[in-house]
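Below you'll find the structure, written out as structure tokens, and then a few comments.
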Amino acid sequence: MPELNFDKVYASLDLRIKDIVNIDEFDELTKEFLGKNSLISEERKKLSSLSKEDKKNYGMKLTEATEFITSRIKEQRQLYLDSQFNNKEEAEVTDISIDWKPTRGTYKHVLSTVMEEVVSIFSSIGYEVAYGPEAETSWHNFDALNTPDWHPARYESDTLYLDEKLQTLLRTQTSTVQIRHMEENEPPVYIVAPGRVFRSDQLDATHSPVFHQLEGLAIDKNLTFTDLKGTLEFFVKEFFGNNVETKFIPHFFPFTEPSAEVLVKWQNGEWLEILGCGMVDPNVLSNVNYPESYKGFAWGVGIERLAMLRYKIDHIKNFYDNDIRFLEQF
Amino acid sequence: MKILKSWLNDWIELDQISDEELSNALESLGFEIENYTQVSPNYKNIVVGKVIELYQHPNADKVRVTKVDVGSKIYEIVCGAWNFDIGAVVPVALPKSKIKDDFLIDQRDIRGVISNGMICSASELNLWDDHDGILLLNENEKIGSDFSSIYDSHDSIWEVGVTPNRGDCMSHLGVARELSNYFNLSLADNSINLKPTIKPLLKVNSGKGMKCASYQAIEIENISIEDSSLTIKHRLSSIGVRIINNVVDYTNYVLHDIGQPLHAFDRDKLFGTISVRNAKDNEELLTLDNQNRTLDKSDLVITDNDKAIALAGVMGGYDSEVTSSTKNLLIESAYFDKVSIMKTSRKLNLISDASIRFERGIDRNIQTFGLERFIHLFKDNSNISYSDIQNDTKDQDSVLSLQFSKSMIQEILGIEIDDKFIIKTLTSLKIPHSLTSDTVEFSSPSWRYDLERPADIIEELAKHYGFNNFPSTLPVGNKLNNVGNYWKVRKFFIDKLSNLNFHEIQTLSFVDDSLNKLFTPELKSVKVINPIDKTQESMRTNLYSTLINTFIFNLDKHSYSGQYFEINNTYDMANHSKYKNIPNQNYKLGILVPKKITDSNYKENSIQDLASTLRILNPNVKFKKLTKPGFHKNNSYLIIINESPVGHMGQLSYSTQHKLNLKDEIFLAELNLEILKFNSLVSYDYKPLSQYPFIKFDLSFKVPKDLISQDLINEVEILLNKNENQISIFDDYTNEISRNLGIRIITRSYEKTYNEQESTEILNSVVHNLTKKFSITLNEKGN
């Protein structure tokens, strides 16, 4: 019985595959080699005329050939596709340094970024955010905070007032929120109050009539000066990094005693003041009728100051000009 | 305030203490170090010489030729100054020496005379600014000695901040007292015994009022007004005090030495009784700066026979001033009321070293010592004679002693402080005290105004213990990771808008009132009575104007701007909703969307972009037409969230746009964040996902111009409320004849796959209901 020369068929298949220039040709090839009119199909038609033994043997050979061709085409098709993709990728060289759509991810104001970070540091040790009015009574801004009548901070050259009798003003410190919060809430108190404060200063490189502070207040039983130190050291390490050195030096604020300033050692070895703090003065607590068994500490930190240190911003004016070249950097 | 190491050394022995140790001590004691400098001579090889001959230069009118003895040799030196005579002892720069800033002095021919160097003025040696020519030295100085050895030419200066509660530290004595405890050194006594030889001519009293607790004075005769000694001039100029003459310099010296301000009068210009009283309203006084001051009864004046001669503690009078011809003096040393001096000096803007010390409070018992120190500075002058000190001091309230429990120390500071430390500290600070096993009793010394309560003494102990020697402990509060509604709402909007590429801005709260009136004519602005800038005295009633200003600022500057938002307060004169006695204020969110971000922007925004931004912020937001000043007649809406009005949004009216010189349209929104609850902002019900295939209809209707497509969408939602739906507008086209609106409905059943018939029924029902309810007609396909 004359058998099909399978090797010749395979050789011809390989030749054809070599010439393929279009992916669709693989389908045509399948049709040509395995379709109705293919050599394999022609041979299969002849099977019925063969002996039982031959039929079985030749039939098996034909099936093997069919499987071989199928897998060959499939395999070559994949190779062809891969080489096409490969060529395509090789042709695609992009200069990623070009920014066609110059937008950043977010345009949060840098002061918000810093405030949120400071808030989240204190939130992680149990403080909630409080807020209070910006246009305030002089009592909340000064008297309640143990600031005597004659204190220089009250001068019209420093403070912006809203009435001729000097009874209302734009708060000069977020410490007013201490008073508002304690008037409305029973101890214990653990709050931070970020917000705007106002001073009678022209906007220039180092001054602004508006700036931001974050006030902190902790009032509880058994809070002491060592707790104040630990809390603020924790904050400094979280914000500036674990390796930053801090020191506490005595200072004076009317509403705390003892009072201190916290300094951090900057990269260049310089010590920079970053916040003021102290044990809440007993007069402040009695002004809001808190029981004597409660004590605590308070601090205030300048948000602009933190932002200027972190991002090396040299002019405070930048925060309020809202020049888009500045806004887009954060 | 500046302090000198050599001067401190008069009070405590600091020779063995390095500048670094001293800096650490000052800081640890609460003196903020603003500056530290070491001074050393800015000259080389200057010697002390004596002028032994003096004659006119043969070829020049304005200079003279001197012969100067410098011990080893006599030099001929040409000199242009005329303030000295034969016998003067002067600093001499010989050839090869250097004066200020390394300027080399050498032999020089000056119009035919060889000058072997230079006789120096104080400014040529970089000591202080002078105006009188050559620096004249004490005649007893050794001829030929090195000039830099005859005064403290090597010294250290600290400029320190003194906290306002510590007036007692505003002198070298005051600082030395604090340091004495730190270094365990004793404070020098420096007391002086006077030997008066004359009787006073004037009478002195402290007046009837209570504002002068003590008035003391001494009369000095036969004074000559001349230069102070080199040491005093150098010390004063080093701490920034202007050199005048011996009398003025010495009063300044006593002030910086012990903290007692003195005032020198020309005694021969005074008559009768010197006293103190309140000025009368409109009383006039010519002060020594030659200005006529109109006083009122809050000012305190010194008088002679009831005529005002000086503003107490603030400035002397012109008529009784010490001049170069003054022969006899009256030196005043007084204790004036703090608040009175402060008010006068602030009112007249006359703030001096003396007024600052009076207003912070000087030592109540130091007036006599001040006069003694002054007399002592003339110790080398045998010509003068002086009277007894006349002293009128009012009775003082006796100093109360206070007692407190030792346990308070640990309650406040968190550590135990032992008796030994307490006793040592209070003793060296000269704070009277006694301790029992469980109490501390103390009283306040005459120079301390900050020790009124137990907490004040506890602070003192903490400070001298050293803040940095305390351990640290970290308490945890009661609101762990629970920042509260205010902050969550704020952060919610900031995060969302900044992620949508809106720029967050921070603008000042002050505006020109016309901008308030433009948008909120119904509100009365809150005004600053002492504004920094008169055109910016109003507090903003809205966030619109500052958003617009920022938009314009960037567009003008860069031809490129952005879309902005700001979260801050607005203010108006209505009553505050929660608190008494303060103006109304709300923290709000303002949003600005411009039609164009640049001059040539391919993508233009419309009011719909602003509306869709608001929908991203809250999917439940609804809009209701609302006309508002400054805004477009139609494109102006009330913003409603969860059935409550929370703000306003709209397009700037064309007239406002024109007024503000804006080329293109601007869309603005303002939301009152105070009334929003974070939980309701983030709570929407989950919409279950149907497992069945969708059916989709694109329908086009002819609709009235004012139809609100959201109403149409809402209606479909109601009709298909049992299904999962996505309903949107895909087309809105208006021609001359009609407005055509394309609505896309994609809907899925939660129960089954719709067959063709069911699908058609749904379509028909939607069309039927919409056409009937809104009186609109369906555009059939192909039309």
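In the structure tokens, chains take the letters A, B, ... in the order shown, each chain's residues start at 1, and ligands count up from 1 in the order shown.
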
Select residues of chain B: the criterion is any atom within 6 Å of an atom of chain A, counting only C-alpha atoms; output as a short mmCIF file (atom, residue, chain, number, x, y, z; two decimals) with N, CA and C atoms, in the first residue's frame.
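Done, and the output landed in selection.cif:
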data_model
loop_
_atom_site.label_atom_id
_atom_site.label_comp_id
_atom_site.auth_asym_id
_atom_site.auth_seq_id
_atom_site.Cartn_x
_atom_site.Cartn_y
_atom_site.Cartn_z
N SER B 28 19.89 77.81 79.99
CA SER B 28 19.20 76.93 80.91
C SER B 28 18.42 77.74 81.96
N GLY B 30 16.83 80.46 81.25
CA GLY B 30 15.71 81.14 80.61
C GLY B 30 16.08 82.42 79.88
N THR B 163 12.58 87.46 79.67
CA THR B 163 11.11 87.31 79.61
C THR B 163 10.44 88.44 80.39
N ILE B 412 3.19 68.67 90.38
CA ILE B 412 3.33 69.48 89.17
C ILE B 412 4.50 69.02 88.32
N LEU B 413 5.62 68.73 88.97
CA LEU B 413 6.83 68.45 88.19
C LEU B 413 7.01 66.97 87.87
N GLY B 414 6.39 66.09 88.64
CA GLY B 414 6.51 64.65 88.36
C GLY B 414 7.76 64.02 88.94
N GLU B 459 8.13 76.64 89.79
CA GLU B 459 8.77 76.91 88.50
C GLU B 459 10.25 77.26 88.69
N PHE B 467 15.57 71.97 83.07
CA PHE B 467 14.49 71.25 82.38
C PHE B 467 15.00 69.99 81.70
N ASN B 468 16.24 70.06 81.21
CA ASN B 468 16.73 68.91 80.47
C ASN B 468 17.19 67.78 81.37
N PRO B 471 13.14 63.52 83.56
CA PRO B 471 12.82 62.38 82.70
C PRO B 471 11.59 62.70 81.84
N SER B 472 11.29 61.83 80.88
CA SER B 472 10.11 62.02 80.03
C SER B 472 9.17 60.84 80.16
N THR B 473 7.88 61.14 80.20
CA THR B 473 6.87 60.08 80.22
C THR B 473 5.81 60.44 79.19
N LEU B 474 5.16 59.45 78.60
CA LEU B 474 4.19 59.74 77.54
C LEU B 474 2.79 59.28 77.92
N VAL B 476 -1.27 58.86 77.34
CA VAL B 476 -2.12 58.72 76.15
C VAL B 476 -3.50 59.26 76.49
N GLY B 477 -4.04 60.06 75.60
CA GLY B 477 -5.31 60.73 75.84
C GLY B 477 -6.51 59.81 75.64
N ASN B 478 -7.67 60.42 75.82
CA ASN B 478 -8.90 59.62 75.80
C ASN B 478 -9.57 59.62 74.43
N LYS B 479 -8.95 60.16 73.41
CA LYS B 479 -9.59 60.22 72.10
C LYS B 479 -8.67 59.58 71.06
N LEU B 480 -8.34 58.31 71.30
CA LEU B 480 -7.37 57.65 70.45
C LEU B 480 -7.89 57.53 69.02
N ASN B 481 -7.15 58.10 68.08
CA ASN B 481 -7.50 58.04 66.66
C ASN B 481 -8.94 58.43 66.39
N ASN B 482 -9.38 59.46 67.06
CA ASN B 482 -10.75 59.93 66.88
C ASN B 482 -10.71 61.45 66.82
N VAL B 483 -10.38 61.97 65.63
CA VAL B 483 -10.12 63.41 65.53
C VAL B 483 -11.37 64.26 65.63
N GLY B 484 -12.54 63.68 65.42
CA GLY B 484 -13.77 64.45 65.55
C GLY B 484 -14.28 64.99 64.23
N SER B 498 -8.45 68.20 46.20
CA SER B 498 -7.06 68.25 45.74
C SER B 498 -6.78 67.07 44.81
N ASN B 499 -7.47 65.96 45.02
CA ASN B 499 -7.31 64.83 44.09
C ASN B 499 -7.95 65.10 42.74
N ASN B 501 -7.52 67.72 41.23
CA ASN B 501 -6.65 68.75 40.67
C ASN B 501 -7.14 70.18 40.87
N HIS B 503 -6.52 73.42 43.15
CA HIS B 503 -5.46 73.92 44.02
C HIS B 503 -6.07 74.46 45.29
N GLU B 504 -5.59 73.96 46.41
CA GLU B 504 -6.05 74.55 47.65
C GLU B 504 -5.28 75.83 47.90
N ILE B 505 -5.98 76.90 48.29
CA ILE B 505 -5.29 78.17 48.54
C ILE B 505 -5.56 78.64 49.96
N GLN B 506 -4.68 79.51 50.44
CA GLN B 506 -4.84 80.16 51.74
C GLN B 506 -4.70 81.65 51.49
N THR B 507 -5.79 82.38 51.65
CA THR B 507 -5.70 83.82 51.41
C THR B 507 -5.95 84.56 52.72
N LYS B 527 -15.32 94.95 60.95
CA LYS B 527 -14.17 95.78 60.58
C LYS B 527 -13.13 95.84 61.68
N VAL B 528 -11.87 95.85 61.25
CA VAL B 528 -10.76 96.00 62.18
C VAL B 528 -10.61 97.49 62.45
N ILE B 529 -10.56 97.90 63.73
CA ILE B 529 -10.49 99.35 64.00
C ILE B 529 -9.08 99.88 63.82
N ILE B 582 -19.65 88.00 70.27
CA ILE B 582 -18.70 88.00 69.14
C ILE B 582 -19.49 87.94 67.84
#

(request) Show which residues sit within 7 Å of B:Arg739, as a VMD selection string. Count only C-alpha atoms, and ignore same-chain residues fewer than 6 positions away. (result) chain B and resid 702 to 705 733

(request) as a PyMOL selection string, please: all residues of stretch 100-234 of chain A that backbone DSSP puts in helix (DSSP H, G or I). (result) chain A and resi 110-123+138-141+143-145+152-154+176-184+225-234

(request) Taking the chain letters and numbering used in this document, name the residues of stretch 430-542 of chain B that DSSP puts in strand (DSSP E or B), as a VMD selection string. (result) chain B and resid 433 to 435 439 to 443 503 to 504 510 to 511 527 538 to 539

(request) Tell me which protein, DNA and RNA residues are within 10 Å of stretch 172-186 of chain B, counting only C-alpha atoms, leaving out same-chain ones fewer than 4 positions away, and put them as a ChimeraX atom specification. (result) /B:2-5,7-14,17,21-22,25-26,28-31,162,166-168,254-259,424-430,447,464-466

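Taking only C-alpha atoms into account, B:Ser18 lies nearest to B:Ser156 out of the set B:Ser156, B:Ser538, B:Ser728, B:Asn328.
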
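Residues in contact with A:Glu3 at up to 10 Å, not including ones fewer than 5 positions away on its chain and judged by only C-alpha atoms, are Glu43, Tyr58, Lys61 and Leu62 of chain A.
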
I need the residues from that last selection saved to file as a compact mmCIF listing (two decimals), in the first residue's frame (with N, CA and C atoms), if you can.
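What follows is the written file selection_14.txt:
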# COMPACT_ATOMS: atom_id res chain seq x y z
N GLU A 43 -6.20 11.07 1.98
CA GLU A 43 -5.69 9.77 2.43
C GLU A 43 -6.69 9.08 3.33
N TYR A 58 -2.62 2.56 9.36
CA TYR A 58 -2.51 3.80 8.59
C TYR A 58 -3.35 4.91 9.23
N LYS A 61 -1.47 6.46 11.87
CA LYS A 61 -0.43 7.35 11.34
C LYS A 61 -1.02 8.71 10.92
N LEU A 62 -2.21 8.58 10.28
CA LEU A 62 -2.87 9.82 9.83
C LEU A 62 -3.25 10.70 11.03

(request) Can you pull out every residue within 7 Å of stretch 671-673 of chain B, counting only C-alpha atoms, but drop anything in the same chain fewer than 3 positions away, and send it as a ChimeraX atom specification? (result) /B:586-590,646-648,676

Could you please take those selected residues and save N, CA and C atoms as a short mmCIF file (atom, residue, chain, number, x, y, z; two decimals), in the first residue's frame?
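Ended up saving to result.cif:
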data_model
loop_
_atom_site.label_atom_id
_atom_site.label_comp_id
_atom_site.auth_asym_id
_atom_site.auth_seq_id
_atom_site.Cartn_x
_atom_site.Cartn_y
_atom_site.Cartn_z
N ASN B 586 -18.45 81.62 60.13
CA ASN B 586 -18.66 80.23 59.71
C ASN B 586 -17.47 79.78 58.91
N TYR B 587 -17.07 78.54 59.11
CA TYR B 587 -16.02 78.08 58.21
C TYR B 587 -16.65 77.42 57.01
N LYS B 588 -16.16 77.85 55.87
CA LYS B 588 -16.81 77.50 54.62
C LYS B 588 -15.81 76.94 53.63
N LEU B 589 -16.38 76.28 52.63
CA LEU B 589 -15.59 75.81 51.50
C LEU B 589 -15.98 76.65 50.30
N GLY B 590 -15.00 77.26 49.66
CA GLY B 590 -15.26 78.00 48.44
C GLY B 590 -14.57 77.30 47.28
N VAL B 646 -27.11 74.04 52.13
CA VAL B 646 -25.76 74.14 52.70
C VAL B 646 -24.92 75.18 51.99
N GLY B 647 -25.44 75.76 50.90
CA GLY B 647 -24.60 76.74 50.23
C GLY B 647 -25.20 77.20 48.93
N HIS B 648 -24.33 77.76 48.11
CA HIS B 648 -24.78 78.37 46.88
C HIS B 648 -23.74 78.12 45.81
N LEU B 676 -22.37 70.42 58.15
CA LEU B 676 -22.26 69.08 57.57
C LEU B 676 -21.70 68.10 58.57
#

(request) Just the residues within 12 Å of B:Leu638, please, counting only C-alpha atoms, with nothing from its chain fewer than 5 positions along; format it as a PyMOL selection string. (result) chain B and resi 611+621-628+643-650+668-672

(message) Which residue is closest to A:Ile303? Choose from A:Ile179, A:Leu4, A:Met115, A:Ile69 and count only C-alpha atoms.
(response)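 Result for the nearest residue to A:Ile303: A:Met115.
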
(request) Kindly give the distance, in Å, that separates atom CA of B:Phe701 and atom CA of B:Ser636, rounded to a single decimal. (result) 25.8 Å

(request) Name the closest residue to A:Leu145 among the candidates A:Thr30, A:Lys74, A:Arg16, A:Phe255; distances are taken between atoms, counting only C-alpha atoms. (result)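 Looking only at the distances to A:Leu145, the closest residue turns out to be A:Phe255.
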
(message) Please determine, counting only C-alpha atoms, which residue among B:Cys212, B:Glu32, B:Asp15, B:Asp306 has the shortest atom-to-atom distance to A:Glu273.
(response)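 For A:Glu273, the nearest of the candidates is B:Glu32.
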
So which residues touch B:Phe378 within 12 Å, counting only C-alpha atoms, skipping near sequence neighbours fewer than 3 positions away, as a short mmCIF file (atom, residue, chain, number, x, y, z; two decimals) with N, CA and C atoms, in the first residue's frame?
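Output file around39.cif is given in full below:
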data_model
loop_
_atom_site.label_atom_id
_atom_site.label_comp_id
_atom_site.auth_asym_id
_atom_site.auth_seq_id
_atom_site.Cartn_x
_atom_site.Cartn_y
_atom_site.Cartn_z
N LEU B 194 29.21 106.67 101.55
CA LEU B 194 29.37 108.04 101.05
C LEU B 194 29.91 108.94 102.15
N ILE B 220 25.17 117.29 93.70
CA ILE B 220 26.62 117.21 93.48
C ILE B 220 27.09 118.58 93.00
N ASN B 222 30.29 121.30 91.78
CA ASN B 222 31.63 121.46 91.19
C ASN B 222 32.00 120.35 90.22
N ILE B 223 31.00 119.97 89.47
CA ILE B 223 31.23 118.92 88.48
C ILE B 223 31.80 119.57 87.23
N SER B 224 32.62 118.85 86.46
CA SER B 224 32.90 119.36 85.12
C SER B 224 32.45 118.30 84.12
N ILE B 225 31.76 118.78 83.11
CA ILE B 225 31.20 117.87 82.11
C ILE B 225 32.33 117.50 81.15
N GLU B 226 32.69 116.25 81.16
CA GLU B 226 33.81 115.82 80.32
C GLU B 226 33.59 114.37 79.88
N ASP B 227 34.61 113.80 79.27
CA ASP B 227 34.50 112.41 78.85
C ASP B 227 34.53 111.48 80.05
N SER B 228 33.85 110.34 79.88
CA SER B 228 33.92 109.31 80.90
C SER B 228 35.23 108.57 80.75
N SER B 229 35.48 107.70 81.71
CA SER B 229 36.70 106.91 81.63
C SER B 229 36.60 105.92 80.48
N ILE B 232 34.49 102.75 81.11
CA ILE B 232 33.04 102.96 81.08
C ILE B 232 32.56 103.20 79.65
N ASN B 246 30.33 112.42 80.82
CA ASN B 246 30.44 111.64 82.06
C ASN B 246 29.12 111.51 82.80
N VAL B 247 28.36 112.60 82.91
CA VAL B 247 27.14 112.54 83.73
C VAL B 247 26.10 111.61 83.11
N ASP B 249 26.62 109.33 80.75
CA ASP B 249 27.16 107.98 80.68
C ASP B 249 27.03 107.25 82.02
N TYR B 250 27.30 107.98 83.12
CA TYR B 250 27.28 107.31 84.42
C TYR B 250 25.85 106.94 84.84
N THR B 251 24.89 107.79 84.49
CA THR B 251 23.51 107.37 84.81
C THR B 251 23.17 106.11 84.01
N LEU B 371 22.13 105.71 93.75
CA LEU B 371 22.83 106.98 93.90
C LEU B 371 24.26 106.75 94.40
N GLU B 372 24.41 105.78 95.29
CA GLU B 372 25.76 105.48 95.80
C GLU B 372 26.67 104.99 94.67
N ARG B 373 26.11 104.12 93.80
CA ARG B 373 26.92 103.61 92.68
C ARG B 373 27.31 104.76 91.75
N PHE B 374 26.40 105.71 91.57
CA PHE B 374 26.68 106.85 90.70
C PHE B 374 27.86 107.66 91.26
N ILE B 375 27.77 108.00 92.55
CA ILE B 375 28.85 108.78 93.19
C ILE B 375 30.17 108.02 93.08
N ASN B 381 37.74 111.51 90.95
CA ASN B 381 37.60 112.94 90.75
C ASN B 381 37.55 113.62 92.12
N SER B 382 38.64 114.31 92.50
CA SER B 382 38.71 114.85 93.86
C SER B 382 38.02 116.21 93.96
N ASN B 383 37.61 116.77 92.83
CA ASN B 383 37.06 118.13 92.86
C ASN B 383 35.62 118.20 93.36
N ILE B 384 34.84 117.12 93.14
CA ILE B 384 33.41 117.23 93.42
C ILE B 384 33.11 117.08 94.90
N SER B 385 32.00 117.65 95.29
CA SER B 385 31.49 117.39 96.63
C SER B 385 30.01 117.12 96.51
N TYR B 386 29.48 116.36 97.46
CA TYR B 386 28.08 115.96 97.35
C TYR B 386 27.38 116.00 98.68
#
